[in-house]
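J.: Pasting model_1.txt below, which is compact mmCIF, N, CA and C atoms.
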```
# COMPACT_ATOMS: atom_id res chain seq x y z
N MET M 1 0.85 -1.17 0.00
CA MET M 1 0.00 0.00 0.00
C MET M 1 0.90 1.24 0.00
N SER M 2 0.52 2.21 -0.81
CA SER M 2 1.33 3.43 -0.88
C SER M 2 1.17 4.25 0.40
N ASP M 3 2.14 5.10 0.65
CA ASP M 3 2.15 5.91 1.87
C ASP M 3 0.93 6.82 1.98
N HIS M 4 0.52 7.42 0.86
CA HIS M 4 -0.62 8.34 0.95
C HIS M 4 -1.92 7.60 1.26
N LEU M 5 -2.06 6.35 0.80
CA LEU M 5 -3.26 5.58 1.14
C LEU M 5 -3.20 5.13 2.59
N ALA M 6 -2.02 4.79 3.08
CA ALA M 6 -1.88 4.40 4.48
C ALA M 6 -2.24 5.57 5.39
N ALA M 7 -1.92 6.77 4.98
CA ALA M 7 -2.24 7.96 5.79
C ALA M 7 -3.74 8.20 5.89
N LEU M 8 -4.52 7.67 4.96
CA LEU M 8 -5.97 7.83 5.00
C LEU M 8 -6.66 6.82 5.91
N ASN M 9 -5.89 5.92 6.50
CA ASN M 9 -6.41 4.89 7.39
C ASN M 9 -7.46 4.00 6.72
N LEU M 10 -7.21 3.63 5.48
CA LEU M 10 -8.11 2.73 4.76
C LEU M 10 -7.73 1.29 5.07
N ASP M 11 -8.71 0.40 5.06
CA ASP M 11 -8.35 -1.00 5.25
C ASP M 11 -7.61 -1.49 4.01
N ALA M 12 -6.90 -2.58 4.15
CA ALA M 12 -6.04 -3.07 3.08
C ALA M 12 -6.82 -3.43 1.82
N GLU M 13 -8.01 -3.97 1.99
CA GLU M 13 -8.81 -4.36 0.83
C GLU M 13 -9.21 -3.13 0.01
N MET M 14 -9.65 -2.07 0.68
CA MET M 14 -10.05 -0.87 -0.04
C MET M 14 -8.84 -0.17 -0.64
N ALA M 15 -7.75 -0.11 0.08
CA ALA M 15 -6.54 0.52 -0.46
C ALA M 15 -6.06 -0.23 -1.70
N GLY M 16 -6.12 -1.55 -1.64
CA GLY M 16 -5.74 -2.34 -2.80
C GLY M 16 -6.66 -2.09 -3.99
N CYS M 17 -7.93 -1.94 -3.73
CA CYS M 17 -8.90 -1.66 -4.79
C CYS M 17 -8.61 -0.30 -5.42
N ILE M 18 -8.32 0.68 -4.60
CA ILE M 18 -8.00 2.01 -5.11
C ILE M 18 -6.79 1.93 -6.03
N GLU M 19 -5.78 1.18 -5.63
CA GLU M 19 -4.58 1.04 -6.45
C GLU M 19 -4.87 0.27 -7.74
N GLN M 20 -5.69 -0.77 -7.66
CA GLN M 20 -6.04 -1.53 -8.87
C GLN M 20 -6.84 -0.66 -9.84
N CYS M 21 -7.75 0.14 -9.30
CA CYS M 21 -8.53 1.04 -10.16
C CYS M 21 -7.63 2.07 -10.83
N ALA M 22 -6.66 2.59 -10.11
CA ALA M 22 -5.74 3.57 -10.69
C ALA M 22 -4.93 2.94 -11.83
N GLU M 23 -4.45 1.72 -11.61
CA GLU M 23 -3.68 1.04 -12.65
C GLU M 23 -4.54 0.74 -13.87
N SER M 24 -5.74 0.27 -13.64
CA SER M 24 -6.64 -0.05 -14.75
C SER M 24 -6.96 1.21 -15.55
N ARG M 25 -7.27 2.30 -14.88
CA ARG M 25 -7.57 3.57 -15.57
C ARG M 25 -6.39 4.00 -16.43
N GLU M 26 -5.21 3.93 -15.85
CA GLU M 26 -4.01 4.36 -16.57
C GLU M 26 -3.78 3.50 -17.81
N LEU M 27 -3.90 2.19 -17.67
CA LEU M 27 -3.67 1.30 -18.81
C LEU M 27 -4.78 1.42 -19.86
N CYS M 28 -6.00 1.65 -19.43
CA CYS M 28 -7.09 1.86 -20.40
C CYS M 28 -6.86 3.13 -21.21
N GLU M 29 -6.45 4.19 -20.55
CA GLU M 29 -6.19 5.44 -21.27
C GLU M 29 -5.02 5.28 -22.24
N ALA M 30 -3.98 4.58 -21.82
CA ALA M 30 -2.85 4.32 -22.72
C ALA M 30 -3.27 3.43 -23.89
N ALA M 31 -4.15 2.48 -23.62
CA ALA M 31 -4.63 1.59 -24.67
C ALA M 31 -5.45 2.34 -25.71
N VAL M 32 -6.24 3.32 -25.28
CA VAL M 32 -7.00 4.13 -26.23
C VAL M 32 -6.04 4.79 -27.21
N GLN M 33 -5.00 5.41 -26.69
CA GLN M 33 -4.00 6.06 -27.54
C GLN M 33 -3.36 5.05 -28.49
N HIS M 34 -2.98 3.90 -27.96
CA HIS M 34 -2.37 2.84 -28.76
C HIS M 34 -3.31 2.39 -29.87
N CYS M 35 -4.57 2.18 -29.54
CA CYS M 35 -5.54 1.70 -30.52
C CYS M 35 -5.78 2.73 -31.62
N LEU M 36 -5.90 3.98 -31.25
CA LEU M 36 -6.12 5.02 -32.25
C LEU M 36 -4.90 5.19 -33.16
N GLU M 37 -3.71 5.05 -32.60
CA GLU M 37 -2.50 5.16 -33.41
C GLU M 37 -2.31 3.95 -34.32
N THR M 38 -2.70 2.77 -33.84
CA THR M 38 -2.55 1.54 -34.62
C THR M 38 -3.59 1.49 -35.73
N GLY M 39 -4.80 1.91 -35.42
CA GLY M 39 -5.87 1.92 -36.41
C GLY M 39 -6.42 0.54 -36.69
N GLY M 40 -7.14 0.44 -37.77
CA GLY M 40 -7.75 -0.83 -38.17
C GLY M 40 -8.75 -1.30 -37.15
N PRO M 41 -8.83 -2.61 -36.94
CA PRO M 41 -9.81 -3.17 -36.00
C PRO M 41 -9.63 -2.67 -34.56
N LEU M 42 -8.40 -2.29 -34.21
CA LEU M 42 -8.17 -1.80 -32.84
C LEU M 42 -8.82 -0.45 -32.59
N ALA M 43 -9.10 0.28 -33.64
CA ALA M 43 -9.72 1.59 -33.48
C ALA M 43 -11.24 1.53 -33.60
N GLY M 44 -11.79 0.34 -33.53
CA GLY M 44 -13.24 0.18 -33.62
C GLY M 44 -13.97 0.81 -32.45
N PRO M 45 -15.17 1.29 -32.68
CA PRO M 45 -15.90 2.00 -31.62
C PRO M 45 -16.22 1.15 -30.38
N GLU M 46 -16.46 -0.14 -30.55
CA GLU M 46 -16.80 -0.97 -29.39
C GLU M 46 -15.63 -1.06 -28.41
N LEU M 47 -14.43 -1.28 -28.94
CA LEU M 47 -13.26 -1.39 -28.07
C LEU M 47 -12.93 -0.04 -27.43
N ILE M 48 -12.95 1.02 -28.22
CA ILE M 48 -12.63 2.35 -27.68
C ILE M 48 -13.64 2.72 -26.60
N ARG M 49 -14.91 2.45 -26.84
CA ARG M 49 -15.95 2.76 -25.85
C ARG M 49 -15.73 1.96 -24.57
N ALA M 50 -15.40 0.68 -24.69
CA ALA M 50 -15.16 -0.16 -23.51
C ALA M 50 -13.97 0.36 -22.70
N LEU M 51 -12.92 0.76 -23.39
CA LEU M 51 -11.74 1.31 -22.71
C LEU M 51 -12.06 2.60 -21.98
N LEU M 52 -12.79 3.49 -22.66
CA LEU M 52 -13.14 4.78 -22.04
C LEU M 52 -14.12 4.59 -20.88
N ASP M 53 -15.09 3.68 -21.07
CA ASP M 53 -16.04 3.40 -19.98
C ASP M 53 -15.32 2.89 -18.75
N CYS M 54 -14.38 1.97 -18.96
CA CYS M 54 -13.65 1.39 -17.85
C CYS M 54 -12.79 2.45 -17.16
N ALA M 55 -12.09 3.25 -17.94
CA ALA M 55 -11.25 4.29 -17.36
C ALA M 55 -12.08 5.24 -16.49
N GLN M 56 -13.23 5.65 -16.99
CA GLN M 56 -14.07 6.57 -16.23
C GLN M 56 -14.67 5.90 -15.00
N ALA M 57 -15.11 4.66 -15.15
CA ALA M 57 -15.68 3.93 -14.01
C ALA M 57 -14.64 3.75 -12.91
N CYS M 58 -13.41 3.43 -13.30
CA CYS M 58 -12.34 3.26 -12.31
C CYS M 58 -12.06 4.55 -11.58
N GLU M 59 -12.01 5.65 -12.31
CA GLU M 59 -11.73 6.93 -11.67
C GLU M 59 -12.88 7.34 -10.74
N THR M 60 -14.09 7.09 -11.15
CA THR M 60 -15.26 7.43 -10.32
C THR M 60 -15.28 6.60 -9.05
N ALA M 61 -15.13 5.28 -9.19
CA ALA M 61 -15.14 4.41 -8.01
C ALA M 61 -14.00 4.78 -7.07
N ARG M 62 -12.84 5.06 -7.64
CA ARG M 62 -11.68 5.45 -6.85
C ARG M 62 -11.96 6.71 -6.04
N GLY M 63 -12.59 7.67 -6.65
CA GLY M 63 -12.94 8.91 -5.94
C GLY M 63 -13.87 8.66 -4.77
N PHE M 64 -14.89 7.82 -4.98
CA PHE M 64 -15.83 7.52 -3.90
C PHE M 64 -15.12 6.81 -2.74
N MET M 65 -14.19 5.92 -3.08
CA MET M 65 -13.45 5.21 -2.02
C MET M 65 -12.50 6.15 -1.30
N LEU M 66 -11.79 6.99 -2.03
CA LEU M 66 -10.82 7.89 -1.41
C LEU M 66 -11.45 8.84 -0.41
N ARG M 67 -12.67 9.28 -0.71
CA ARG M 67 -13.31 10.21 0.23
C ARG M 67 -14.18 9.50 1.26
N GLY M 68 -14.13 8.18 1.27
CA GLY M 68 -14.87 7.42 2.28
C GLY M 68 -16.38 7.53 2.15
N SER M 69 -16.85 7.73 0.95
CA SER M 69 -18.29 7.86 0.74
C SER M 69 -19.01 6.55 1.05
N PRO M 70 -20.14 6.63 1.73
CA PRO M 70 -20.92 5.41 1.98
C PRO M 70 -21.53 4.85 0.69
N LEU M 71 -21.46 5.61 -0.39
CA LEU M 71 -22.00 5.16 -1.68
C LEU M 71 -20.99 4.35 -2.49
N HIS M 72 -19.77 4.19 -1.97
CA HIS M 72 -18.71 3.56 -2.74
C HIS M 72 -19.05 2.15 -3.22
N ALA M 73 -19.79 1.39 -2.44
CA ALA M 73 -20.06 -0.01 -2.80
C ALA M 73 -20.80 -0.11 -4.13
N GLY M 74 -21.80 0.73 -4.31
CA GLY M 74 -22.55 0.71 -5.57
C GLY M 74 -21.70 1.08 -6.76
N TYR M 75 -20.84 2.06 -6.58
CA TYR M 75 -19.96 2.47 -7.67
C TYR M 75 -18.91 1.40 -7.95
N CYS M 76 -18.47 0.71 -6.93
CA CYS M 76 -17.50 -0.37 -7.13
C CYS M 76 -18.14 -1.53 -7.89
N ARG M 77 -19.39 -1.83 -7.61
CA ARG M 77 -20.07 -2.89 -8.36
C ARG M 77 -20.20 -2.50 -9.83
N GLY M 78 -20.55 -1.25 -10.10
CA GLY M 78 -20.62 -0.78 -11.49
C GLY M 78 -19.26 -0.80 -12.15
N CYS M 79 -18.25 -0.42 -11.41
CA CYS M 79 -16.89 -0.44 -11.94
C CYS M 79 -16.47 -1.86 -12.27
N ALA M 80 -16.81 -2.81 -11.42
CA ALA M 80 -16.47 -4.21 -11.70
C ALA M 80 -17.08 -4.66 -13.02
N HIS M 81 -18.30 -4.23 -13.27
CA HIS M 81 -18.97 -4.58 -14.53
C HIS M 81 -18.23 -3.95 -15.72
N ALA M 82 -17.88 -2.67 -15.62
CA ALA M 82 -17.16 -1.99 -16.70
C ALA M 82 -15.80 -2.63 -16.94
N CYS M 83 -15.11 -3.00 -15.86
CA CYS M 83 -13.80 -3.63 -15.99
C CYS M 83 -13.90 -4.99 -16.67
N GLY M 84 -14.91 -5.76 -16.31
CA GLY M 84 -15.10 -7.07 -16.94
C GLY M 84 -15.41 -6.95 -18.42
N SER M 85 -16.25 -5.97 -18.76
CA SER M 85 -16.58 -5.74 -20.17
C SER M 85 -15.35 -5.31 -20.95
N CYS M 86 -14.55 -4.46 -20.36
CA CYS M 86 -13.34 -3.98 -21.01
C CYS M 86 -12.34 -5.11 -21.21
N ALA M 87 -12.15 -5.91 -20.18
CA ALA M 87 -11.22 -7.04 -20.29
C ALA M 87 -11.65 -7.97 -21.42
N SER M 88 -12.94 -8.26 -21.49
CA SER M 88 -13.44 -9.13 -22.56
C SER M 88 -13.20 -8.53 -23.94
N ALA M 89 -13.39 -7.21 -24.05
CA ALA M 89 -13.16 -6.54 -25.33
C ALA M 89 -11.68 -6.59 -25.71
N CYS M 90 -10.81 -6.37 -24.75
CA CYS M 90 -9.36 -6.41 -25.01
C CYS M 90 -8.90 -7.81 -25.37
N GLU M 91 -9.49 -8.81 -24.76
CA GLU M 91 -9.09 -10.20 -24.98
C GLU M 91 -9.45 -10.70 -26.38
N LYS M 92 -10.21 -9.93 -27.12
CA LYS M 92 -10.51 -10.29 -28.51
C LYS M 92 -9.30 -10.06 -29.41
N PHE M 93 -8.25 -9.44 -28.86
CA PHE M 93 -7.03 -9.15 -29.60
C PHE M 93 -5.84 -9.75 -28.84
N PRO M 94 -5.77 -11.09 -28.78
CA PRO M 94 -4.77 -11.75 -27.93
C PRO M 94 -3.32 -11.52 -28.34
N ASP M 95 -3.09 -11.11 -29.57
CA ASP M 95 -1.71 -10.90 -30.04
C ASP M 95 -1.19 -9.50 -29.76
N ASP M 96 -2.02 -8.64 -29.18
CA ASP M 96 -1.60 -7.27 -28.90
C ASP M 96 -1.16 -7.16 -27.43
N ASP M 97 0.11 -6.88 -27.22
CA ASP M 97 0.66 -6.83 -25.86
C ASP M 97 0.04 -5.73 -25.01
N VAL M 98 -0.25 -4.58 -25.59
CA VAL M 98 -0.84 -3.47 -24.84
C VAL M 98 -2.23 -3.86 -24.34
N LEU M 99 -3.02 -4.46 -25.22
CA LEU M 99 -4.37 -4.86 -24.82
C LEU M 99 -4.35 -6.04 -23.86
N ALA M 100 -3.37 -6.92 -24.00
CA ALA M 100 -3.25 -8.04 -23.06
C ALA M 100 -2.95 -7.53 -21.66
N ALA M 101 -2.04 -6.56 -21.56
CA ALA M 101 -1.72 -5.98 -20.24
C ALA M 101 -2.93 -5.24 -19.68
N CYS M 102 -3.65 -4.56 -20.53
CA CYS M 102 -4.84 -3.83 -20.10
C CYS M 102 -5.90 -4.82 -19.58
N ALA M 103 -6.10 -5.91 -20.30
CA ALA M 103 -7.09 -6.91 -19.89
C ALA M 103 -6.74 -7.49 -18.52
N GLN M 104 -5.47 -7.76 -18.29
CA GLN M 104 -5.05 -8.30 -16.99
C GLN M 104 -5.31 -7.30 -15.87
N ALA M 105 -4.99 -6.03 -16.11
CA ALA M 105 -5.23 -5.00 -15.09
C ALA M 105 -6.72 -4.84 -14.83
N CYS M 106 -7.51 -4.91 -15.89
CA CYS M 106 -8.96 -4.78 -15.73
C CYS M 106 -9.54 -5.94 -14.93
N ARG M 107 -9.04 -7.14 -15.17
CA ARG M 107 -9.51 -8.31 -14.41
C ARG M 107 -9.16 -8.16 -12.93
N ARG M 108 -7.96 -7.66 -12.64
CA ARG M 108 -7.57 -7.45 -11.24
C ARG M 108 -8.46 -6.39 -10.59
N ALA M 109 -8.71 -5.31 -11.30
CA ALA M 109 -9.58 -4.25 -10.76
C ALA M 109 -11.01 -4.77 -10.59
N MET M 110 -11.46 -5.59 -11.51
CA MET M 110 -12.81 -6.16 -11.41
C MET M 110 -12.95 -6.97 -10.13
N GLU M 111 -11.99 -7.83 -9.86
CA GLU M 111 -12.06 -8.67 -8.65
C GLU M 111 -11.98 -7.81 -7.39
N ALA M 112 -11.11 -6.80 -7.40
CA ALA M 112 -10.98 -5.93 -6.23
C ALA M 112 -12.27 -5.16 -6.00
N CYS M 113 -12.87 -4.67 -7.08
CA CYS M 113 -14.12 -3.92 -6.93
C CYS M 113 -15.27 -4.81 -6.49
N ARG M 114 -15.29 -6.03 -6.97
CA ARG M 114 -16.33 -6.97 -6.52
C ARG M 114 -16.21 -7.18 -5.01
N ALA M 115 -14.99 -7.34 -4.54
CA ALA M 115 -14.79 -7.58 -3.11
C ALA M 115 -15.22 -6.37 -2.29
N VAL M 116 -14.82 -5.19 -2.70
CA VAL M 116 -15.15 -3.97 -1.95
C VAL M 116 -16.64 -3.63 -2.08
N GLY M 117 -17.21 -3.95 -3.26
CA GLY M 117 -18.60 -3.61 -3.50
C GLY M 117 -19.59 -4.65 -2.99
N GLY M 118 -19.07 -5.74 -2.45
CA GLY M 118 -19.95 -6.76 -1.89
C GLY M 118 -20.58 -7.67 -2.94
N ALA M 119 -20.06 -7.64 -4.17
CA ALA M 119 -20.59 -8.51 -5.23
C ALA M 119 -19.92 -9.88 -5.15
N PRO M 120 -20.59 -10.91 -5.61
CA PRO M 120 -19.98 -12.25 -5.57
C PRO M 120 -18.77 -12.31 -6.49
N ARG M 121 -17.75 -13.04 -6.06
CA ARG M 121 -16.55 -13.23 -6.87
C ARG M 121 -16.73 -14.44 -7.76
N HIS M 122 -16.04 -14.40 -8.89
CA HIS M 122 -16.10 -15.54 -9.83
C HIS M 122 -14.75 -16.15 -9.95
```
Using structure tokens, write down the structure from this file.
T.:
Amino acid sequence: MSDHLAALNLDAEMAGCIEQCAESRELCEAAVQHCLETGGPLAGPELIRALLDCAQACETARGFMLRGSPLHAGYCRGCAHACGSCASACEKFPDDDVLAACAQACRRAMEACRAVGGAPRH
């Protein structure tokens, strides 16, 4: 856990979720740039939308957790859904290293958000 999260007195599960959401957001945003620069099937609207949805969901859930909002659980459940959808979209391009890394980060964030949001794990 990073020092700034430890200073907020968050439990380890929530701090881990915040970090997973930050990583997923960062990789999704980088993947959008990669996809647009690569073009072709990678620049398709479904993949770009899934990446942007996931990035925004991660940032939103992260904000609710950072400020200790009692509403965080609902946003984490929504974020888990967005992360799972994004991972599935990225996994349609198994030969692309950027999307493979993004899919892995999204799956980790999905599991962390499910745990924090009280959703069943798979």
J.: Considering only C-alpha atoms, can you say which of M:Ala43, M:Ile48, M:Ala31, M:Ala73 comes closest to Ala101 of chain M?
T.: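 For Ala101 of chain M, the nearest of the candidates is M:Ala31.
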J.: For Thr60 of chain M, which residue out of M:Arg114, M:Arg25, M:His34, M:Arg108 is the nearest one, using only C-alpha atoms?
T.: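 Answer, going by the shortest atom-to-atom distance: M:Arg25.
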J.: Between M:Phe93, M:Ala12, M:Leu36, M:Gln20, single out the one closest to Met110 of chain M, counting only C-alpha atoms.
T.: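 The closest residue to Met110 of chain M is M:Gln20.
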J.: Name the residues in contact with Cys28 of chain M at a cut-off of 12 Å, using only C-alpha atoms, excluding same-chain residues fewer than 4 positions from it; report them as a ChimeraX atom specification.
T.: /M:21-24,32-35,47-59,82-83,86-87,89-90,98-106,109
J.: Report, in Å with one decimal, the straight-line distance from atom N of Glu19 of chain M to atom C of Ser69 of chain M.
T.: 15.8 Å
J.: Hey, can you check how far atom N of Gly63 of chain M sits from atom N of Glu46 of chain M?
T.: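 Calculated distance between atom N of Gly63 of chain M and atom N of Glu46 of chain M is 25.4 Å.
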J.: Using only C-alpha atoms, which of M:Cys79, M:Ala30, M:Asp97, M:Ser85 sits nearest Met65 of chain M?
T.: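 Looking at the shortest contact to Met65 of chain M, the residue is M:Cys79.
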J.: Tell me, in Å to one decimal, how far atom CA of Cys113 of chain M is from atom N of Ile18 of chain M.
T.: 7.8 Å
J.: How would you write, as number ranges by chain, the set of residues in segment 1-98 of chain M that DSSP gives as alpha helix (DSSP H)?
T.: M: 3-7, 12-38, 45-66, 72-90, 97-98
J.: Of the residues M:Leu10, M:Phe64, M:Lys92, M:Gly84, which is the one nearest to Arg107 of chain M, using only N, CA and C atoms?
T.: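 Counting only N, CA and C atoms, the residue closest to Arg107 of chain M is M:Gly84.
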